[in-house]
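J.: Next up, target-v6.cif (mmCIF, C-alpha atoms).
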```
data_coords
#
loop_
_atom_site.label_atom_id
_atom_site.label_comp_id
_atom_site.auth_asym_id
_atom_site.auth_seq_id
_atom_site.Cartn_x
_atom_site.Cartn_y
_atom_site.Cartn_z
CA MET A 1406 91.55 105.98 110.42
CA ALA A 1407 92.81 108.27 113.13
CA VAL A 1408 95.84 110.41 112.38
CA GLU A 1409 98.55 108.49 114.20
CA PRO A 1410 101.63 110.49 115.28
CA VAL A 1411 103.96 107.95 113.64
CA TYR A 1412 102.05 108.12 110.34
CA THR A 1413 102.20 111.91 110.38
CA ALA A 1414 105.94 111.87 111.14
CA VAL A 1415 106.66 109.34 108.38
CA GLU A 1416 104.54 111.32 105.92
CA SER A 1417 106.50 114.49 106.74
CA ALA A 1418 109.79 112.63 106.32
CA ALA A 1419 108.65 111.30 102.93
CA LYS A 1420 107.76 114.80 101.76
CA ALA A 1421 111.16 116.07 102.91
CA LEU A 1422 112.94 113.22 101.11
CA SER A 1423 111.06 113.95 97.87
CA LEU A 1424 112.03 117.63 98.14
CA PHE A 1425 115.66 116.71 98.82
CA GLN A 1426 115.73 114.41 95.80
CA GLY A 1427 114.18 117.15 93.70
CA LEU A 1428 111.51 114.83 92.34
CA ARG A 1429 109.47 116.51 89.63
CA MET A 1430 106.06 115.23 90.66
CA THR A 1431 102.98 115.11 88.47
CA ARG A 1432 99.70 113.95 89.99
CA VAL A 1433 96.69 113.29 87.81
CA GLY A 1434 93.17 112.20 88.72
CA LEU A 1435 93.35 112.79 92.48
CA ASP A 1436 89.63 113.56 92.40
CA ASN A 1437 89.13 109.85 91.67
CA ILE A 1438 90.24 109.04 95.23
CA PRO A 1439 86.99 108.80 97.21
CA ALA A 1440 86.64 111.75 99.59
CA GLU A 1441 85.12 109.41 102.16
CA GLY A 1442 84.40 105.74 102.62
CA GLY A 1443 86.46 102.67 101.86
CA ALA A 1444 88.20 101.78 98.61
CA VAL A 1445 90.91 99.44 97.40
CA LEU A 1446 93.74 101.39 95.76
CA ALA A 1447 95.40 98.93 93.35
CA VAL A 1448 98.84 100.23 92.36
CA ASN A 1449 101.46 98.87 89.96
CA HIS A 1450 104.75 97.69 91.45
CA THR A 1451 107.95 98.76 89.69
CA GLY A 1452 110.15 99.69 92.65
CA TYR A 1453 110.69 99.60 96.39
CA LEU A 1454 109.37 103.14 96.93
CA ASP A 1455 106.16 103.13 94.86
CA PHE A 1456 104.17 103.21 98.08
CA VAL A 1457 105.75 106.52 99.15
CA GLN A 1458 104.37 108.36 96.13
CA LEU A 1459 101.02 106.58 96.49
CA ALA A 1460 100.73 107.61 100.14
CA LEU A 1461 101.71 111.22 99.38
CA ALA A 1462 99.10 111.38 96.62
CA VAL A 1463 96.48 110.11 99.06
CA GLY A 1464 97.69 112.67 101.62
CA ALA A 1465 97.24 115.43 99.04
CA VAL A 1466 93.46 114.87 99.27
CA ASP A 1467 93.62 114.77 103.06
CA ARG A 1468 93.21 111.03 103.47
CA LYS A 1469 95.40 108.32 104.93
CA LEU A 1470 96.50 105.02 103.41
CA ARG A 1471 96.40 101.59 105.02
CA LEU A 1472 99.06 99.70 103.05
CA MET A 1473 99.39 95.93 102.74
CA ALA A 1474 103.05 94.85 102.87
CA LYS A 1475 104.96 91.61 103.30
CA ALA A 1476 105.26 90.55 106.92
CA GLU A 1477 108.99 89.78 106.78
CA LEU A 1478 109.73 93.50 106.65
CA ALA A 1479 108.77 93.56 110.33
CA ASN A 1480 111.77 91.34 111.15
CA ASN A 1481 113.65 94.61 111.50
CA LYS A 1482 112.70 96.29 114.80
CA VAL A 1483 112.67 99.79 113.36
CA MET A 1484 110.51 98.70 110.42
CA ALA A 1485 108.20 96.82 112.77
CA PHE A 1486 107.69 100.01 114.82
CA LEU A 1487 107.03 102.11 111.72
CA MET A 1488 104.66 99.55 110.24
CA ARG A 1489 102.60 99.39 113.43
CA GLY A 1490 102.54 103.16 113.74
CA CYS A 1491 101.45 103.62 110.13
CA GLY A 1492 98.74 100.97 110.33
CA VAL A 1493 100.37 98.70 107.76
CA ILE A 1494 98.60 95.36 107.29
CA PRO A 1495 101.35 92.69 107.32
CA VAL A 1496 100.92 89.90 104.77
CA ASP A 1497 102.37 86.46 105.46
CA ARG A 1498 102.81 85.00 101.99
CA THR A 1499 102.43 81.45 103.32
CA ALA A 1500 99.23 82.20 105.24
CA GLY A 1501 97.54 85.34 104.01
CA ALA A 1502 93.98 84.74 105.25
CA GLY A 1503 94.45 86.87 108.37
CA ALA A 1504 95.74 89.84 106.39
CA TYR A 1505 92.89 89.48 103.90
CA LEU A 1506 90.26 89.56 106.65
CA ALA A 1507 91.97 92.52 108.33
CA ALA A 1508 91.97 94.44 105.04
CA VAL A 1509 88.29 93.74 104.41
CA GLU A 1510 87.48 94.93 107.93
CA ARG A 1511 89.41 98.18 107.38
CA LEU A 1512 87.59 98.71 104.09
CA ARG A 1513 84.20 98.23 105.75
CA GLU A 1514 85.25 100.77 108.36
CA GLY A 1515 85.73 103.32 105.58
CA GLU A 1516 89.49 103.25 105.09
CA LEU A 1517 91.63 103.26 101.95
CA VAL A 1518 93.67 100.08 101.58
CA GLY A 1519 96.66 100.07 99.23
CA VAL A 1520 97.34 96.78 97.43
CA TYR A 1521 99.94 95.57 94.93
CA PRO A 1522 97.85 93.18 92.81
CA GLU A 1523 100.98 92.06 90.93
CA ALA A 1524 102.27 90.81 94.33
CA THR A 1525 105.95 91.35 93.45
CA ILE A 1526 107.97 93.99 91.63
CA SER A 1527 107.59 93.85 87.86
CA ARG A 1528 111.13 93.58 86.53
CA SER A 1529 109.81 94.30 83.03
CA PHE A 1530 108.07 97.47 84.29
CA GLU A 1531 104.96 96.28 82.45
CA ILE A 1532 101.75 95.22 84.21
CA LYS A 1533 102.19 91.60 85.23
CA GLU A 1534 99.41 89.07 85.66
CA LEU A 1535 97.29 90.24 88.59
CA LYS A 1536 96.30 88.22 91.64
CA SER A 1537 92.57 88.26 92.39
CA GLY A 1538 92.91 89.34 96.03
CA ALA A 1539 92.34 93.05 95.39
CA ALA A 1540 89.13 92.32 93.46
CA ARG A 1541 87.88 89.86 96.08
CA MET A 1542 88.49 92.42 98.85
CA ALA A 1543 86.48 95.04 96.99
CA LEU A 1544 83.65 92.56 96.43
CA ASP A 1545 83.60 91.29 100.02
CA ALA A 1546 83.69 94.80 101.48
CA GLY A 1547 81.30 96.28 98.91
CA VAL A 1548 83.69 99.10 97.97
CA PRO A 1549 85.17 100.33 94.68
CA ILE A 1550 88.59 99.39 93.42
CA VAL A 1551 90.69 102.31 92.14
CA PRO A 1552 93.53 101.68 89.64
CA VAL A 1553 96.69 103.71 90.30
CA ILE A 1554 99.89 103.98 88.28
CA VAL A 1555 103.21 105.25 89.64
CA TRP A 1556 105.80 105.76 86.91
CA GLY A 1557 109.41 106.89 87.25
CA ALA A 1558 109.97 105.75 90.84
CA GLN A 1559 111.74 102.63 89.55
CA ARG A 1560 114.71 104.87 88.78
CA ILE A 1561 115.15 105.52 92.52
CA ALA A 1562 115.22 101.95 93.81
CA THR A 1563 114.20 98.65 92.25
CA LYS A 1564 115.38 95.08 91.78
CA GLY A 1565 118.65 94.55 89.94
CA ARG A 1566 119.48 98.22 89.55
CA PRO A 1567 121.72 100.58 91.57
CA LYS A 1568 119.79 102.80 93.99
CA SER A 1569 119.67 106.55 93.35
CA LEU A 1570 118.65 108.01 96.69
CA GLY A 1571 120.47 111.35 96.34
CA ARG A 1572 119.40 114.50 94.53
CA HIS A 1573 118.57 113.58 90.94
CA ARG A 1574 115.41 115.51 89.90
CA PHE A 1575 113.75 112.47 88.33
CA PRO A 1576 110.23 113.03 86.97
CA VAL A 1577 107.65 110.82 88.70
CA THR A 1578 103.98 110.63 87.79
CA VAL A 1579 101.09 109.29 89.82
CA GLU A 1580 97.84 108.88 87.90
CA VAL A 1581 94.65 107.70 89.59
CA GLY A 1582 92.03 106.11 87.39
CA ARG A 1583 88.28 106.13 87.78
CA PRO A 1584 86.86 103.86 90.50
CA ILE A 1585 85.56 100.51 89.30
CA GLY A 1586 82.41 99.36 91.06
CA PRO A 1587 82.38 95.90 92.72
CA ARG A 1588 79.78 94.49 90.36
CA GLU A 1589 81.60 91.71 88.49
CA PRO A 1590 82.81 88.27 89.61
CA ALA A 1591 86.35 88.39 90.97
CA ASP A 1592 88.00 87.02 87.81
CA ALA A 1593 86.18 89.46 85.54
CA LEU A 1594 86.87 92.36 87.89
CA THR A 1595 90.56 91.44 87.96
CA GLU A 1596 90.63 91.39 84.15
CA THR A 1597 88.94 94.79 84.02
CA LEU A 1598 91.44 96.13 86.54
CA HIS A 1599 94.37 94.82 84.47
CA LYS A 1600 93.05 96.52 81.33
CA GLU A 1601 92.55 99.83 83.16
CA MET A 1602 95.99 99.74 84.78
CA ASP A 1603 97.66 98.91 81.46
CA ALA A 1604 95.80 101.72 79.68
CA ILE A 1605 96.78 104.26 82.34
CA LEU A 1606 100.40 103.06 82.31
CA ARG A 1607 100.68 103.53 78.55
CA ARG A 1608 99.07 106.97 78.76
CA VAL A 1609 101.50 108.06 81.47
CA GLN A 1610 104.48 106.68 79.53
CA ASP A 1611 103.51 108.77 76.50
CA GLY A 1612 104.46 111.87 78.49
CA PHE A 1613 107.95 110.62 79.40
CA ASP A 1614 111.33 110.75 77.72
CA HIS A 1615 112.58 107.15 77.62
CA PRO A 1616 116.27 107.00 76.65
CA ALA A 1617 117.13 104.13 74.30
CA GLY A 1618 118.78 101.23 76.11
CA ALA A 1619 118.07 102.58 79.61
CA ASP A 1620 117.68 99.80 82.18
CA TRP A 1621 114.60 101.42 83.75
CA VAL A 1622 112.76 101.56 80.41
CA PRO A 1623 110.60 98.64 79.18
CA ARG A 1624 111.85 96.73 76.14
CA ARG A 1625 108.66 97.78 74.34
CA LEU A 1626 109.83 101.41 74.57
CA GLY A 1627 113.40 100.75 73.50
CA GLY A 1628 114.91 100.11 76.91
CA SER A 1629 116.95 97.21 78.20
CA ALA A 1630 114.62 95.98 80.94
CA PRO A 1631 113.69 92.29 80.70
CA THR A 1632 110.65 91.35 78.65
CA ILE A 1633 107.58 90.11 80.52
CA GLU A 1634 108.58 86.53 79.65
CA GLU A 1635 112.19 87.00 80.74
CA ALA A 1636 111.07 88.65 83.96
CA ALA A 1637 108.67 85.78 84.68
CA GLU A 1638 111.52 83.29 84.34
CA MET A 1639 113.69 85.38 86.69
CA ASP A 1640 110.85 85.44 89.23
CA ARG A 1641 110.42 81.67 88.92
CA ARG A 1642 114.09 81.03 89.61
CA GLU A 1643 114.08 83.44 92.56
CA ALA A 1644 111.05 81.69 94.05
CA GLU A 1645 112.74 78.31 93.69
CA GLU A 1646 115.86 79.61 95.44
CA ARG A 1647 113.73 81.07 98.24
CA ARG A 1648 111.94 77.73 98.73
CA SER A 1649 115.22 75.82 98.78
CA ARG A 1650 116.54 78.12 101.53
#
```
If you convert what's in this file into structure tokens, what do you get?

T.:
Amino acid sequence: MAVEPVYTAVESAAKALSLFQGLRMTRVGLDNIPAEGGAVLAVNHTGYLDFVQLALAVGAVDRKLRLMAKAELANNKVMAFLMRGCGVIPVDRTAGAGAYLAAVERLREGELVGVYPEATISRSFEIKELKSGAARMALDAGVPIVPVIVWGAQRIATKGRPKSLGRHRFPVTVEVGRPIGPREPADALTETLHKEMDAILRRVQDGFDHPAGADWVPRRLGGSAPTIEEAAEMDRREAEERRSR
């Protein structure tokens, strides 16, 4: 992927924002990002800005990220310009075949494609059930799938919680797991990916201070975030409201 001027400008702005916010960044396992060739980077989804830390981690090893993101973001003219300039692959949730084929093509061309296999933000901050698209892309393109966990970014901006975009010095960790070869059927590969992402998430969480009752902390760790079951019900109701509109 050529270094597009817009991508470079956005990357610089993201670095400046992270410095302004005083984020205390920890990056682990960056050597697991392939130095060359295509790979699916499968990242957990706890907040609106997970992708920023993922892209900066990829940039730290001198590579660029081709992110998949929902197409409706491009309804805003500024966002549409930035998405085109950064090579984002827009995903129409009612007809995703075109985005899937575009992603597979980018992978075969040797690019890194970032995917949220949970599809939507996890309100529980646990790993939700994964869609099989990330695994199928890896299999169709013949490239590895790399599990990635971003933890702490949900404190900046996520669903149902006030945004904290100023200077706050939150700790944020990005850990990249070992690449998983595209050798299993899609369902089995998706299950393997889920297990790896959950294991990395729990390992990362062990290094964090999780205040009791905090709304950004999973219930399992003493926080007040919804349980996986409660979050699933909230997602179901939201989907029904979206369909009715």

J.: Identify, on the basis of only C-alpha atoms, every residue whose closest approach to Thr1632 of chain A does not exceed 12 Å; exclude the query and any residue fewer than 2 positions from it along the same chain; express the result as a list in words.

T.: Ser1527, Arg1528, Ser1529, Phe1530, Glu1531, Ile1532, Lys1533, Asp1620, Trp1621, Val1622, Pro1623, Arg1624, Arg1625, Leu1626, Gly1627, Gly1628, Ser1629, Ala1630, Glu1634, Glu1635, Ala1636, Ala1637, Glu1638 and Met1639 of chain A

J.: Identify which of the residues A:Thr1451, A:Lys1420, A:Gly1427, A:Tyr1412 lies closest to His1573 of chain A, counting all atoms listed in the file when measuring atom-to-atom distances.

T.: A:Gly1427

J.: Which residues would end up in the selection if the PyMOL selection byres ((chain A and resi 1441) around 12) were applied here, given that I need the answer as a CSV table (one decimal) with C-alpha atoms, in the coordinates of the input?

T.:
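Listing of out37.csv after writing:
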```csv
chain,number,residue,atom,x,y,z
A,1406,MET,CA,91.6,106.0,110.4
A,1436,ASP,CA,89.6,113.6,92.4
A,1437,ASN,CA,89.1,109.8,91.7
A,1438,ILE,CA,90.2,109.0,95.2
A,1439,PRO,CA,87.0,108.8,97.2
A,1440,ALA,CA,86.6,111.8,99.6
A,1442,GLY,CA,84.4,105.7,102.6
A,1443,GLY,CA,86.5,102.7,101.9
A,1444,ALA,CA,88.2,101.8,98.6
A,1463,VAL,CA,96.5,110.1,99.1
A,1466,VAL,CA,93.5,114.9,99.3
A,1467,ASP,CA,93.6,114.8,103.1
A,1468,ARG,CA,93.2,111.0,103.5
A,1469,LYS,CA,95.4,108.3,104.9
A,1512,LEU,CA,87.6,98.7,104.1
A,1513,ARG,CA,84.2,98.2,105.8
A,1514,GLU,CA,85.2,100.8,108.4
A,1515,GLY,CA,85.7,103.3,105.6
A,1516,GLU,CA,89.5,103.2,105.1
A,1517,LEU,CA,91.6,103.3,102.0
A,1548,VAL,CA,83.7,99.1,98.0
A,1549,PRO,CA,85.2,100.3,94.7
```

J.: Could you check the closest approach to Pro1522 of chain A for each of A:Leu1424, A:Ala1465, A:Met1602, A:Ile1633 and tell me which residue wins, using all atoms listed in the file?

T.: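 Once distances to Pro1522 of chain A are computed over all atoms listed in the file, the minimum belongs to A:Met1602.
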
J.: Report the residues retrieved by the PyMOL selection byres ((chain A and resi 1448) around 12) from the displayed file, expressed as a VMD selection string.

T.: chain A and resid 1445 to 1447 1449 to 1452 1454 to 1460 1462 1472 to 1473 1518 to 1527 1532 to 1533 1535 1539 1550 to 1556 1579 to 1582 1598 to 1599 1601 to 1603 1605 to 1606

J.: Quick one, how far is atom CA of Gly1434 of chain A from atom CA of Arg1572 of chain A?

T.: 27.0 Å

J.: Work out how far apart atom CA of Ala1540 of chain A and atom CA of Ala1644 of chain A are and give it in Å to one decimal.

T.: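 Those two atoms sit 24.4 Å apart.
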
J.: Could you list, as a list in words, every residue matched by the PyMOL selection byres ((chain A and resi 1415) around 12) in this structure?

T.: Val1408, Glu1409, Pro1410, Val1411, Tyr1412, Thr1413, Ala1414, Glu1416, Ser1417, Ala1418, Ala1419, Lys1420, Ala1421, Leu1422, Val1457, Ala1460, Leu1461, Gly1464, Lys1469, Met1484, Phe1486, Leu1487, Met1488, Arg1489, Gly1490, Cys1491 and Gly1492 of chain A

J.: Quick check, in Å to one decimal: how far apart do atom CA of Gly1503 of chain A and atom CA of Gly1586 of chain A lie?

T.: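 Separation between atom CA of Gly1503 of chain A and atom CA of Gly1586 of chain A: 24.5 Å.
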
J.: Could you give me, as an MDAnalysis selection string, the residues within 7 Å of Pro1495 of chain A, counting only C-alpha atoms and dropping anything in the same chain fewer than 5 positions from it?

T.: chainID A and resid 1473:1476 1504

J.: Could you check which of A:Arg1471, A:Arg1511, A:Arg1648, A:Lys1600 is closest to Ile1585 of chain A, using only C-alpha atoms?

T.: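 Looking only at the distances to Ile1585 of chain A, the closest residue turns out to be A:Lys1600.
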
J.: Counting only C-alpha atoms, figure out which residue out of A:Ser1569, A:Arg1583, A:Pro1631, A:Glu1510 gets nearest to Val1433 of chain A.

T.: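 Nearest candidate to Val1433 of chain A out of A:Ser1569, A:Arg1583, A:Pro1631, A:Glu1510: A:Arg1583.
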
J.: I need the residue nearest Gln1610 of chain A from this list: A:Thr1597, A:Gly1557, A:Arg1650, A:Ala1507. Use all atoms listed in the file for the distance.

T.: A:Gly1557

J.: Which of these, A:Met1542, A:Ala1617, A:Glu1534, A:Arg1647, has the shortest distance to Ala1502 of chain A once you count all atoms listed in the file?

T.: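 Once distances to Ala1502 of chain A are computed over all atoms listed in the file, the minimum belongs to A:Met1542.
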
J.: Report as JSON the centre and the edge lengths, in Å to one decimal, of the axis-aligned box holding every listed atom of segment 1456-1468 of chain A, padded by 8 Å on each side.

T.:
```
{"center_x": 99.5, "center_y": 109.3, "center_z": 99.8, "size_x": 28.5, "size_y": 28.2, "size_z": 23.3}
```
